[in-house]
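Chemist: This is the structure I have questions about; it appears just below.
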Amino acid sequence: MDLTWGPAEEAFRAEARDWLAANVPAEPLPSGDTREGFARHLEWERRLFDARWAVVSWPQRYGGRDASLWEWCIFEEEYYRAGAPQRVTQNGIFLLGPTLFAFGTPAQQDRFLPKMASGEETWCQGWSEPDAGSDLAGIRSTAVRDDAASGWRLSGQKTWTTRGAFCTHLFGLFRSDPSAERHRGLTYFLVPLDTPGVTVRGFGRLDGDEGFAEVFLDEAFVSDDMILGELHEGWRVAMATTGSERGLTLRSPGRFTATADRLVELWRNLGEDASDPGLRHQVVQAVIDAEAYRLQTLATVTALTDGASPGAESSLTKVFWSELDVRLHEIALALLGTAAELEDNGWAKGHQFALSGPIYAGTNEIQRNVIAERVLGLPRR
Amino acid sequence: MRFAFTDDQLALRDAVRDLLAKECPPSEVAEAWTNATGRTTRAWEALRAMGVLDALVPEADGGLGLTVLDLVLVCEEAGRVALPEPLVEHAVVAAPVVGAGRESLTALVGAMSFVAYADTADAVLVQDDDRLLLVPAPALVLEPEPSVDHARRVFTLDWSASDAAVEVGASVACAEAIDRATLGRAAYLLGLAQHLLDATVEYASTRHQFGAPIGSFQAIKHKLADVRIALEFARPLVYRAASSIVVGDPAASVHVSMGAAQSIDAALCAARHALQCHGAIGYSYEHDLHHWMKRVWTLARAGGDASWHRERVARAILDRT
Ligand SMILES: Cc1cc2nc3c(=O)[nH]c(=O)nc-3n(C[C@H](O)[C@H](O)[C@H](O)COP(=O)(O)OP(=O)(O)OC[C@H]3O[C@@H](n4cnc5c(N)ncnc54)[C@H](O)[C@@H]3O)c2cc1C
């Protein structure tokens with residue numbers, strides 16, 4: 001066991017920290033879940049890309065640095081510590097990206113990864129449908145073979161699509177074999193949103209920002225080379241993506257240790273006057289939990305580096321970080337007292353977003369089922 | 001950066017696991033509940049033969065020259081079988097201060113009010129302000145106290161009248177002993193919690209009601225999932241604390257208290273859910289579940305409960321100017 005960073009990692013950290021200090025916008029950008037804010041965030045993404053910080057763990061030829069998982073953790077830690085903008089490209093870079101590396105053909109990788117990294121093409125995730133939420137295998141959107149055109153015609157409705165109204169592309173699951181049921185007969189498609197037959201309608205999330213979208217597809221044509229992985233094998237491909245979403249790549253510990261640091265600052269300013277003396281220990285416990293998440297990640301990265309592959313354990317992580325995020329914000333609101341009524345108190349928006357953590361990426365009820373059945377081995381119903 | 005145990009450390013853990021499976025089955029713990037000493041018949045000597053009791057003593061002085069990073073997993077194994085022996089007190093706390101070759105040591109340091117297994121000890125390591133004293137058995141004035149856990153016999157101790165006490169350590173040694181004691185208990189609690197979880201998963205998979213194993217009901221599943229999550233995010237804090245002690249990290253005491261608070265909470269959660277998921281059988285004195293629960297309830301308070309440790313962390317991270 002060696003919990004210190006080597007000189008190469010320290011140098012990497014210093015380089016990231018210096019660049020972020022010089023480049024992170026002094027004023028926070030408008031929310032990336034609005035049309036104007038999204039555009040401003042893409043300018044920031046472009047700056048990250050030009051300095052090769054957009055996709056540090058990717059190969060150099062796609063704009064990355066071939067960084068190790070360790071360096072990726074370090075970069076994330078510095079990124080959130082610097083208070084840098086939210087990554088509006090995350091669903092592409094952190095969710096589809098790893099899937100393209102694992103399942104994409106070389107041609108698909110060359111076609112999609114560079115523009116994903118630069119933010120020129122932006123991706124949204126098309127899993128959920130009005131009647132397929134937790135029970136994702138209930139997907140009804142269809143893919144019908146068009147032999148003459150060597151491709152597929154997609155029809156149906158996707159919903160809750162994050163930033164769908166601003167993105168250029170969608171990745172999602174469609175039922176390609178109507179005779180197959182549930183997890184079988186689904187195919188993973190890559191869909192340009194400007195394809196004829198695709199209509200996108202943005203709508204407000206809890207905080208009022210237009211961060212959600214519905215995507216309607218009416219015989220929208222995609223060619224064969226827009227299938228990721230094997231035909232009818234979409235479920236397996238998609239599960240690789242949800243593994244990333246629950247685990248390491250979407251929510252790195254740096255995010256929560258940075259929030260915990262902010263909470264400690266808030267305590268130092270307001271703690272003396274807190275109406276509830278128990279808040280002191282709640283703040284401490286939240287800091288301990290953020291630290292526990294950081295350390296658990298270091299153990300996971302060590303195991304992955306040794307060749308282990310991520311499994312159902314990512315569900316443990318998902319429940320923990322999402323509920324930690326809610327606690328961090330609830331404690332902050334309690335410290336703020338009556339100022340917690342206000343939208344601009346520095347925590348209200350974060351609080352509302354944190355509340356979505358236990359819902360998206362597979363609800364925490366579903367994660368607890370997964371933990372019970374696949375980690376603990378309890379019997380299925 | 002590397003956050004994992006070495007093959008040697010894992011091999012030692014496995015060897016101790018095998019040893020304890022043989023020498024400390026549940027029947028031995030049950031026996032300890034009612035016998036004269038509250039201890040096992042053979043486990044202590046078997047651990048001595050393996051070198052575990054003096055493992056932290058330098059090789060030149062008759063020990064194995066190991067560190068708490070080697071012993072943290074051993075303590076966890078002891079917790080899994082609810083070993084009724086002063087393993088933490090002797091091997092983790094006292095032997096590195098006192099030296100190798102003692103029969104059976106115990107310790108009273110930090111926020112502890114009671115000293116465990118003192119009537120069968122040949123000496124007790126006692127904290128006196130910021131000194132460590134060793135009080136030999138004949139000089140001990142012991143008052144038995146009725147512990148909730150009958151296989152962890154505890155006593156109040158009076159030594160002030162004795163001039164047989166010898167100073168064996170000053171303030172640094174004293175602070176380190178307190179940290180080691182806290183770490184050892186935290187690791188024990190992890191093992192206790194792991195057993196409570198494993199035993200309950202097994203029970204919930206075989207007990208049927210409404211024509212189905214109770215473990216197929218979500219209310220049961222989610223409780224046990226929560227125990228698994230609590231353990232997942234307690235272990236790394238305890239292991240990091242061990243590492244911080246070994247490398248002499250200035251924040252070691254804070255790290256120890258972080259690990260203690262988290263493992264105490266995880267173990268209390270495991271005990272609570274284990275009982276609820278067992279139903280009345282778990283509430284019965286004849287079932288052995290309570291041996292593990294009661295060890296959790298006592299170790300979770302010996303030397304400071306979770307709030308006590310959170311306050312220690314609070315003073316370090318909130319009150320700094
Ligand atoms: C902020 C946000 C962003 C999102 N972004 C996207 C996106 O970009 N792309 C996308 O495809 N989707 C997205 N989603 C949708 C998300 O994946 C779904 O909300 C989620 O899968 C749950 O589905 P549902 O909302 O239909 O709830 P339901 O499945 O209807 O669940 C409602 C409640 O019932 C519970 N429940 C359901 N089944 C069970 C069960 N078997 N056992 C116990 N409890 C159960 C759930 O846990 C939940 O509490 C997003 C959601 C949010 C909140």
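Each chain of the structure tokens is named A, B, ... in the order shown, its residues numbered from 1; ligands are numbered from 1 in display order.
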When DSSP is applied to the backbone of this structure, which of stretch 27-230 of chain A are assigned strand (DSSP E or B)? Write them out as a short mmCIF file (atom, residue, chain, number, x, y, z; two decimals) with all heavy atoms, in the first residue's frame.
Modeler:
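In the end it all went to out-v5.cif:
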```cif
data_model
loop_
_atom_site.label_atom_id
_atom_site.label_comp_id
_atom_site.auth_asym_id
_atom_site.auth_seq_id
_atom_site.Cartn_x
_atom_site.Cartn_y
_atom_site.Cartn_z
N TRP A 123 -23.64 14.74 -27.84
CA TRP A 123 -24.47 13.52 -27.77
C TRP A 123 -25.42 13.52 -26.59
O TRP A 123 -25.05 13.90 -25.47
CB TRP A 123 -23.55 12.30 -27.66
CG TRP A 123 -22.79 12.04 -28.92
CD1 TRP A 123 -21.63 12.64 -29.30
CD2 TRP A 123 -23.17 11.15 -29.98
NE1 TRP A 123 -21.24 12.17 -30.53
CE2 TRP A 123 -22.17 11.25 -30.97
CE3 TRP A 123 -24.24 10.28 -30.17
CZ2 TRP A 123 -22.22 10.50 -32.15
CZ3 TRP A 123 -24.29 9.52 -31.34
CH2 TRP A 123 -23.28 9.65 -32.32
N CYS A 124 -26.63 13.03 -26.86
CA CYS A 124 -27.58 12.79 -25.77
C CYS A 124 -27.95 11.32 -25.75
O CYS A 124 -27.74 10.59 -26.72
CB CYS A 124 -28.81 13.69 -25.89
SG CYS A 124 -29.73 13.50 -27.43
N GLN A 125 -28.49 10.92 -24.60
CA GLN A 125 -28.69 9.49 -24.32
C GLN A 125 -30.17 9.13 -24.48
O GLN A 125 -31.01 9.65 -23.75
CB GLN A 125 -28.24 9.23 -22.89
CG GLN A 125 -28.25 7.79 -22.47
CD GLN A 125 -27.82 7.65 -21.02
OE1 GLN A 125 -28.19 8.45 -20.16
NE2 GLN A 125 -27.03 6.63 -20.73
N GLY A 126 -30.46 8.24 -25.41
CA GLY A 126 -31.86 7.88 -25.68
C GLY A 126 -32.23 6.51 -25.19
O GLY A 126 -32.45 5.59 -25.98
N GLU A 129 -38.16 5.81 -22.30
CA GLU A 129 -39.36 6.10 -23.08
C GLU A 129 -40.50 6.30 -22.09
O GLU A 129 -40.37 5.93 -20.91
CB GLU A 129 -39.67 4.92 -24.01
CG GLU A 129 -38.56 4.67 -25.03
CD GLU A 129 -38.88 3.50 -25.94
OE1 GLU A 129 -39.95 2.89 -25.79
OE2 GLU A 129 -38.03 3.20 -26.81
N ALA A 132 -41.05 3.04 -20.62
CA ALA A 132 -39.87 2.25 -20.28
C ALA A 132 -38.92 3.13 -19.47
O ALA A 132 -38.14 3.90 -20.02
CB ALA A 132 -39.17 1.72 -21.53
N THR A 142 -38.99 1.34 -32.40
CA THR A 142 -38.63 0.25 -33.29
C THR A 142 -37.60 0.66 -34.33
O THR A 142 -37.46 1.84 -34.67
CB THR A 142 -39.87 -0.24 -34.05
OG1 THR A 142 -40.45 0.88 -34.74
CG2 THR A 142 -40.89 -0.86 -33.12
N ALA A 143 -36.89 -0.34 -34.82
CA ALA A 143 -36.01 -0.18 -35.97
C ALA A 143 -36.49 -1.19 -37.02
O ALA A 143 -36.52 -2.39 -36.74
CB ALA A 143 -34.57 -0.47 -35.57
N VAL A 144 -36.90 -0.69 -38.17
CA VAL A 144 -37.42 -1.57 -39.22
C VAL A 144 -36.45 -1.57 -40.39
O VAL A 144 -35.99 -0.51 -40.83
CB VAL A 144 -38.83 -1.11 -39.68
CG1 VAL A 144 -39.33 -1.97 -40.83
CG2 VAL A 144 -39.80 -1.15 -38.51
N ARG A 145 -36.14 -2.75 -40.86
CA ARG A 145 -35.16 -2.90 -41.92
C ARG A 145 -35.63 -2.24 -43.22
O ARG A 145 -36.78 -2.39 -43.62
CB ARG A 145 -34.94 -4.41 -42.17
CG ARG A 145 -33.89 -4.73 -43.20
CD ARG A 145 -32.50 -4.40 -42.70
NE ARG A 145 -31.53 -4.37 -43.80
CZ ARG A 145 -30.38 -3.73 -43.76
NH1 ARG A 145 -30.03 -3.05 -42.67
NH2 ARG A 145 -29.56 -3.76 -44.77
N ASP A 146 -34.72 -1.45 -43.84
CA ASP A 146 -34.99 -0.90 -45.17
C ASP A 146 -33.88 -1.43 -46.07
O ASP A 146 -32.80 -0.85 -46.16
CB ASP A 146 -34.97 0.64 -45.12
CG ASP A 146 -35.31 1.26 -46.47
OD1 ASP A 146 -35.19 0.56 -47.50
OD2 ASP A 146 -35.68 2.45 -46.48
N GLY A 151 -30.24 0.12 -44.68
CA GLY A 151 -30.24 0.74 -43.37
C GLY A 151 -31.51 0.41 -42.62
O GLY A 151 -32.17 -0.61 -42.89
N TRP A 152 -31.84 1.31 -41.66
CA TRP A 152 -32.96 1.05 -40.75
C TRP A 152 -33.82 2.30 -40.61
O TRP A 152 -33.31 3.42 -40.67
CB TRP A 152 -32.42 0.62 -39.38
CG TRP A 152 -31.69 -0.70 -39.45
CD1 TRP A 152 -30.41 -0.89 -39.89
CD2 TRP A 152 -32.22 -1.98 -39.12
NE1 TRP A 152 -30.09 -2.21 -39.85
CE2 TRP A 152 -31.19 -2.92 -39.37
CE3 TRP A 152 -33.44 -2.45 -38.65
CZ2 TRP A 152 -31.35 -4.28 -39.15
CZ3 TRP A 152 -33.60 -3.80 -38.42
CH2 TRP A 152 -32.56 -4.71 -38.67
N ARG A 153 -35.10 2.08 -40.39
CA ARG A 153 -36.02 3.21 -40.17
C ARG A 153 -36.46 3.17 -38.69
O ARG A 153 -37.03 2.19 -38.23
CB ARG A 153 -37.23 3.12 -41.08
CG ARG A 153 -36.85 3.15 -42.55
CD ARG A 153 -37.68 4.14 -43.36
NE ARG A 153 -37.05 4.33 -44.68
CZ ARG A 153 -36.50 5.48 -45.06
NH1 ARG A 153 -36.53 6.54 -44.24
NH2 ARG A 153 -35.94 5.59 -46.23
N LEU A 154 -36.16 4.25 -37.99
CA LEU A 154 -36.42 4.31 -36.55
C LEU A 154 -37.70 5.08 -36.26
O LEU A 154 -37.92 6.17 -36.81
CB LEU A 154 -35.26 5.00 -35.82
CG LEU A 154 -33.86 4.45 -36.11
CD1 LEU A 154 -32.81 5.24 -35.31
CD2 LEU A 154 -33.76 2.97 -35.77
N SER A 155 -38.54 4.51 -35.41
CA SER A 155 -39.78 5.18 -35.03
C SER A 155 -40.03 5.00 -33.54
O SER A 155 -39.64 3.98 -32.96
CB SER A 155 -40.97 4.58 -35.80
OG SER A 155 -40.81 4.76 -37.18
N GLY A 156 -40.70 5.99 -32.95
CA GLY A 156 -41.05 5.89 -31.54
C GLY A 156 -40.74 7.18 -30.80
O GLY A 156 -40.54 8.22 -31.42
N GLN A 157 -40.72 7.07 -29.45
CA GLN A 157 -40.50 8.27 -28.65
C GLN A 157 -39.53 7.99 -27.51
O GLN A 157 -39.69 7.04 -26.76
CB GLN A 157 -41.82 8.77 -28.06
CG GLN A 157 -41.65 10.05 -27.25
CD GLN A 157 -42.90 10.44 -26.48
OE1 GLN A 157 -43.98 9.89 -26.72
NE2 GLN A 157 -42.77 11.37 -25.56
N LYS A 158 -38.53 8.86 -27.42
CA LYS A 158 -37.61 8.84 -26.28
C LYS A 158 -37.94 10.04 -25.40
O LYS A 158 -38.45 11.05 -25.89
CB LYS A 158 -36.16 8.94 -26.76
CG LYS A 158 -35.73 7.75 -27.63
CD LYS A 158 -35.64 6.52 -26.79
CE LYS A 158 -35.29 5.28 -27.61
NZ LYS A 158 -35.25 4.07 -26.76
N HIS A 169 -26.52 14.83 -31.74
CA HIS A 169 -26.66 13.40 -31.96
C HIS A 169 -27.28 12.71 -30.75
O HIS A 169 -27.15 13.20 -29.62
CB HIS A 169 -25.30 12.73 -32.23
CG HIS A 169 -24.72 13.03 -33.56
ND1 HIS A 169 -24.28 14.29 -33.91
CD2 HIS A 169 -24.52 12.24 -34.65
CE1 HIS A 169 -23.82 14.25 -35.15
NE2 HIS A 169 -23.96 13.02 -35.63
N LEU A 170 -27.87 11.57 -31.02
CA LEU A 170 -28.45 10.74 -29.96
C LEU A 170 -27.92 9.31 -30.09
O LEU A 170 -27.78 8.82 -31.21
CB LEU A 170 -29.97 10.77 -30.06
CG LEU A 170 -30.80 9.80 -29.19
CD1 LEU A 170 -32.07 10.52 -28.68
CD2 LEU A 170 -31.23 8.54 -29.95
N PHE A 171 -27.62 8.68 -28.95
CA PHE A 171 -27.39 7.23 -28.98
C PHE A 171 -28.51 6.58 -28.20
O PHE A 171 -28.95 7.11 -27.18
CB PHE A 171 -26.00 6.85 -28.43
CG PHE A 171 -25.73 7.29 -27.02
CD1 PHE A 171 -25.98 6.44 -25.95
CD2 PHE A 171 -25.19 8.54 -26.76
CE1 PHE A 171 -25.71 6.82 -24.64
CE2 PHE A 171 -24.92 8.94 -25.45
CZ PHE A 171 -25.18 8.09 -24.39
N GLY A 172 -29.00 5.45 -28.70
CA GLY A 172 -30.13 4.85 -28.00
C GLY A 172 -30.43 3.44 -28.46
O GLY A 172 -29.83 2.92 -29.40
N LEU A 173 -31.40 2.84 -27.76
CA LEU A 173 -31.80 1.47 -28.04
C LEU A 173 -33.14 1.44 -28.76
O LEU A 173 -34.06 2.17 -28.40
CB LEU A 173 -31.95 0.69 -26.72
CG LEU A 173 -30.67 0.29 -26.00
CD1 LEU A 173 -31.02 -0.46 -24.72
CD2 LEU A 173 -29.78 -0.58 -26.89
N PHE A 174 -33.21 0.56 -29.75
CA PHE A 174 -34.43 0.40 -30.55
C PHE A 174 -34.69 -1.08 -30.75
O PHE A 174 -33.75 -1.88 -30.86
CB PHE A 174 -34.27 1.11 -31.90
CG PHE A 174 -34.16 2.61 -31.76
CD1 PHE A 174 -32.94 3.20 -31.44
CD2 PHE A 174 -35.27 3.42 -31.92
CE1 PHE A 174 -32.83 4.58 -31.27
CE2 PHE A 174 -35.18 4.80 -31.76
CZ PHE A 174 -33.95 5.39 -31.44
N ARG A 175 -35.99 -1.44 -30.81
CA ARG A 175 -36.34 -2.85 -30.98
C ARG A 175 -36.24 -3.22 -32.45
O ARG A 175 -37.05 -2.80 -33.26
CB ARG A 175 -37.74 -3.13 -30.43
CG ARG A 175 -38.04 -4.59 -30.26
CD ARG A 175 -39.22 -4.85 -29.34
NE ARG A 175 -38.97 -4.52 -27.94
CZ ARG A 175 -38.19 -5.21 -27.11
NH1 ARG A 175 -37.56 -6.29 -27.54
NH2 ARG A 175 -38.01 -4.83 -25.87
N LEU A 186 -32.87 -6.03 -29.27
CA LEU A 186 -32.66 -4.58 -29.24
C LEU A 186 -31.33 -4.26 -29.92
O LEU A 186 -30.38 -5.03 -29.82
CB LEU A 186 -32.62 -4.07 -27.80
CG LEU A 186 -33.90 -4.25 -26.97
CD1 LEU A 186 -33.63 -3.93 -25.50
CD2 LEU A 186 -35.02 -3.38 -27.51
N THR A 187 -31.27 -3.12 -30.60
CA THR A 187 -30.04 -2.71 -31.26
C THR A 187 -29.68 -1.29 -30.84
O THR A 187 -30.55 -0.45 -30.61
CB THR A 187 -30.18 -2.81 -32.79
OG1 THR A 187 -30.41 -4.19 -33.12
CG2 THR A 187 -28.92 -2.33 -33.50
N TYR A 188 -28.38 -1.07 -30.71
CA TYR A 188 -27.83 0.22 -30.25
C TYR A 188 -27.52 1.07 -31.49
O TYR A 188 -26.66 0.70 -32.28
CB TYR A 188 -26.55 -0.08 -29.47
CG TYR A 188 -25.95 1.01 -28.62
CD1 TYR A 188 -25.73 0.80 -27.26
CD2 TYR A 188 -25.56 2.24 -29.16
CE1 TYR A 188 -25.15 1.77 -26.46
CE2 TYR A 188 -24.98 3.21 -28.36
CZ TYR A 188 -24.78 2.97 -27.01
OH TYR A 188 -24.19 3.94 -26.23
N PHE A 189 -28.24 2.17 -31.66
CA PHE A 189 -28.07 3.02 -32.84
C PHE A 189 -27.47 4.38 -32.48
O PHE A 189 -27.72 4.91 -31.39
CB PHE A 189 -29.42 3.27 -33.52
CG PHE A 189 -29.91 2.12 -34.35
CD1 PHE A 189 -30.83 1.20 -33.84
CD2 PHE A 189 -29.46 1.96 -35.66
CE1 PHE A 189 -31.28 0.14 -34.61
CE2 PHE A 189 -29.92 0.90 -36.45
CZ PHE A 189 -30.83 -0.01 -35.91
N LEU A 190 -26.73 4.92 -33.44
CA LEU A 190 -26.21 6.29 -33.35
C LEU A 190 -27.02 7.13 -34.34
O LEU A 190 -27.07 6.79 -35.53
CB LEU A 190 -24.72 6.29 -33.71
CG LEU A 190 -23.87 5.30 -32.90
CD1 LEU A 190 -22.44 5.25 -33.43
CD2 LEU A 190 -23.88 5.67 -31.42
N VAL A 191 -27.65 8.19 -33.85
CA VAL A 191 -28.63 8.91 -34.67
C VAL A 191 -28.34 10.41 -34.71
O VAL A 191 -28.43 11.08 -33.68
CB VAL A 191 -30.06 8.73 -34.09
CG1 VAL A 191 -31.10 9.28 -35.05
CG2 VAL A 191 -30.34 7.27 -33.75
N PRO A 192 -28.02 10.96 -35.92
CA PRO A 192 -27.92 12.42 -36.02
C PRO A 192 -29.31 13.02 -35.83
O PRO A 192 -30.28 12.54 -36.42
CB PRO A 192 -27.43 12.65 -37.46
CG PRO A 192 -26.93 11.32 -37.93
CD PRO A 192 -27.71 10.29 -37.19
N VAL A 198 -36.98 13.19 -37.47
CA VAL A 198 -36.69 13.36 -36.03
C VAL A 198 -37.18 14.73 -35.58
O VAL A 198 -36.87 15.74 -36.21
CB VAL A 198 -35.17 13.24 -35.74
CG1 VAL A 198 -34.90 13.49 -34.25
CG2 VAL A 198 -34.65 11.88 -36.16
N THR A 199 -37.96 14.76 -34.49
CA THR A 199 -38.42 16.02 -33.92
C THR A 199 -38.03 16.05 -32.45
O THR A 199 -38.23 15.06 -31.74
CB THR A 199 -39.96 16.13 -34.00
OG1 THR A 199 -40.38 15.73 -35.30
CG2 THR A 199 -40.43 17.54 -33.70
N VAL A 200 -37.46 17.16 -32.01
CA VAL A 200 -37.03 17.27 -30.62
C VAL A 200 -37.78 18.42 -29.95
O VAL A 200 -37.88 19.51 -30.51
CB VAL A 200 -35.51 17.54 -30.54
CG1 VAL A 200 -35.06 17.61 -29.08
CG2 VAL A 200 -34.73 16.44 -31.27
N ARG A 201 -38.31 18.14 -28.77
CA ARG A 201 -38.98 19.21 -28.01
C ARG A 201 -38.34 19.30 -26.63
O ARG A 201 -38.38 18.34 -25.85
CB ARG A 201 -40.47 18.89 -27.85
CG ARG A 201 -41.24 19.99 -27.11
CD ARG A 201 -42.68 19.60 -26.81
NE ARG A 201 -42.82 18.73 -25.66
CZ ARG A 201 -42.97 19.17 -24.39
NH1 ARG A 201 -42.98 20.45 -24.14
NH2 ARG A 201 -43.09 18.30 -23.40
N GLY A 202 -37.73 20.44 -26.34
CA GLY A 202 -37.12 20.62 -25.02
C GLY A 202 -38.17 21.02 -24.00
O GLY A 202 -39.17 21.63 -24.34
N PHE A 203 -37.94 20.67 -22.74
CA PHE A 203 -38.85 21.14 -21.67
C PHE A 203 -38.11 21.21 -20.34
O PHE A 203 -36.99 20.71 -20.20
CB PHE A 203 -40.12 20.28 -21.59
CG PHE A 203 -39.90 18.82 -21.29
CD1 PHE A 203 -40.12 18.33 -20.01
CD2 PHE A 203 -39.49 17.94 -22.28
CE1 PHE A 203 -39.95 16.98 -19.72
CE2 PHE A 203 -39.31 16.59 -21.99
CZ PHE A 203 -39.54 16.11 -20.71
N PHE A 212 -34.38 18.91 -20.14
CA PHE A 212 -35.00 17.67 -20.62
C PHE A 212 -35.44 17.85 -22.07
O PHE A 212 -35.68 18.97 -22.52
CB PHE A 212 -36.27 17.36 -19.83
CG PHE A 212 -36.08 16.57 -18.55
CD1 PHE A 212 -36.95 16.76 -17.48
CD2 PHE A 212 -35.09 15.60 -18.43
CE1 PHE A 212 -36.82 16.02 -16.31
CE2 PHE A 212 -34.96 14.86 -17.26
CZ PHE A 212 -35.83 15.07 -16.20
N ALA A 213 -35.61 16.73 -22.78
CA ALA A 213 -36.21 16.79 -24.11
C ALA A 213 -36.96 15.50 -24.38
O ALA A 213 -36.66 14.45 -23.81
CB ALA A 213 -35.14 17.00 -25.18
N GLU A 214 -37.94 15.62 -25.25
CA GLU A 214 -38.58 14.45 -25.84
C GLU A 214 -38.07 14.36 -27.26
O GLU A 214 -37.96 15.39 -27.94
CB GLU A 214 -40.10 14.62 -25.92
CG GLU A 214 -40.79 14.65 -24.58
CD GLU A 214 -42.28 14.94 -24.76
OE1 GLU A 214 -42.63 15.97 -25.38
OE2 GLU A 214 -43.08 14.14 -24.29
N VAL A 215 -37.79 13.18 -27.71
CA VAL A 215 -37.32 12.98 -29.09
C VAL A 215 -38.32 12.06 -29.79
O VAL A 215 -38.51 10.92 -29.35
CB VAL A 215 -35.91 12.37 -29.12
CG1 VAL A 215 -35.44 12.20 -30.56
CG2 VAL A 215 -34.93 13.24 -28.34
N PHE A 216 -38.96 12.57 -30.82
CA PHE A 216 -39.93 11.78 -31.58
C PHE A 216 -39.26 11.33 -32.88
O PHE A 216 -38.60 12.13 -33.55
CB PHE A 216 -41.16 12.62 -31.92
CG PHE A 216 -41.86 13.16 -30.69
CD1 PHE A 216 -41.52 14.40 -30.18
CD2 PHE A 216 -42.84 12.42 -30.05
CE1 PHE A 216 -42.15 14.90 -29.04
CE2 PHE A 216 -43.49 12.91 -28.92
CZ PHE A 216 -43.13 14.16 -28.41
N LEU A 217 -39.42 10.07 -33.21
CA LEU A 217 -38.83 9.55 -34.44
C LEU A 217 -39.93 8.95 -35.30
O LEU A 217 -40.75 8.15 -34.81
CB LEU A 217 -37.78 8.48 -34.13
CG LEU A 217 -36.64 8.96 -33.22
CD1 LEU A 217 -36.79 8.40 -31.82
CD2 LEU A 217 -35.28 8.59 -33.81
N ASP A 218 -39.94 9.35 -36.57
CA ASP A 218 -40.98 8.88 -37.48
C ASP A 218 -40.29 8.38 -38.74
O ASP A 218 -40.00 9.15 -39.64
CB ASP A 218 -41.95 10.03 -37.77
CG ASP A 218 -43.08 9.60 -38.68
OD1 ASP A 218 -43.24 8.38 -38.90
OD2 ASP A 218 -43.79 10.49 -39.19
N GLU A 219 -39.99 7.08 -38.75
CA GLU A 219 -39.31 6.44 -39.86
C GLU A 219 -38.02 7.17 -40.25
O GLU A 219 -37.71 7.35 -41.43
CB GLU A 219 -40.25 6.31 -41.07
CG GLU A 219 -41.51 5.53 -40.70
CD GLU A 219 -42.24 4.95 -41.90
OE1 GLU A 219 -41.95 5.40 -43.03
OE2 GLU A 219 -43.05 4.04 -41.70
N ALA A 220 -37.30 7.61 -39.24
CA ALA A 220 -36.03 8.30 -39.49
C ALA A 220 -35.00 7.27 -39.96
O ALA A 220 -34.81 6.24 -39.32
CB ALA A 220 -35.55 8.98 -38.21
N PHE A 221 -34.31 7.58 -41.06
CA PHE A 221 -33.40 6.60 -41.66
C PHE A 221 -31.98 6.73 -41.11
O PHE A 221 -31.41 7.81 -41.05
CB PHE A 221 -33.37 6.78 -43.19
CG PHE A 221 -32.40 5.82 -43.84
CD1 PHE A 221 -32.76 4.48 -44.05
CD2 PHE A 221 -31.12 6.24 -44.22
CE1 PHE A 221 -31.86 3.60 -44.63
CE2 PHE A 221 -30.22 5.36 -44.79
CZ PHE A 221 -30.59 4.04 -45.00
N VAL A 222 -31.41 5.57 -40.72
CA VAL A 222 -29.98 5.52 -40.40
C VAL A 222 -29.36 4.34 -41.15
O VAL A 222 -29.98 3.29 -41.29
CB VAL A 222 -29.70 5.39 -38.89
CG1 VAL A 222 -30.01 6.66 -38.14
CG2 VAL A 222 -30.45 4.22 -38.29
N SER A 223 -28.14 4.55 -41.61
CA SER A 223 -27.48 3.50 -42.39
C SER A 223 -26.88 2.44 -41.45
O SER A 223 -26.74 2.65 -40.25
CB SER A 223 -26.40 4.11 -43.27
OG SER A 223 -25.57 4.94 -42.50
N ILE A 227 -24.92 1.40 -36.53
CA ILE A 227 -25.17 0.43 -35.46
C ILE A 227 -23.89 0.26 -34.65
O ILE A 227 -22.82 0.05 -35.22
CB ILE A 227 -25.60 -0.93 -36.05
CG1 ILE A 227 -26.98 -0.80 -36.70
CG2 ILE A 227 -25.60 -2.02 -34.98
CD1 ILE A 227 -27.44 -2.07 -37.41
#
```
Chemist: For A:Arg111, work out the shell of residues within 12 Å, counting only C-alpha atoms and skipping chain neighbours fewer than 5 positions away, then give it as JSON, numbers by chain.
Modeler: {"A": [62, 100, 104, 105, 106, 116, 117, 121, 190, 225, 226]}
Chemist: Residues within 6 Å of ligand 1, counting only C-alpha atoms and all ligand atoms: report them as a list in words.
Modeler: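 Going residue by residue within 6 Å of ligand 1, we get Cys124, Gln125, Gly126, Trp127, Ser128, Gly133, Ser134, Trp160, Thr161, Thr162, Ser356, Ile359, Tyr360, Ala361, Gly362, Thr363, Glu365 and Ile366 of chain A.
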Chemist: Quick one: distance from atom CA of B:Asp119 to atom CA of B:Glu143 in Å, one decimal?
Modeler: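 Between atom CA of B:Asp119 and atom CA of B:Glu143 the gap is 9.4 Å.
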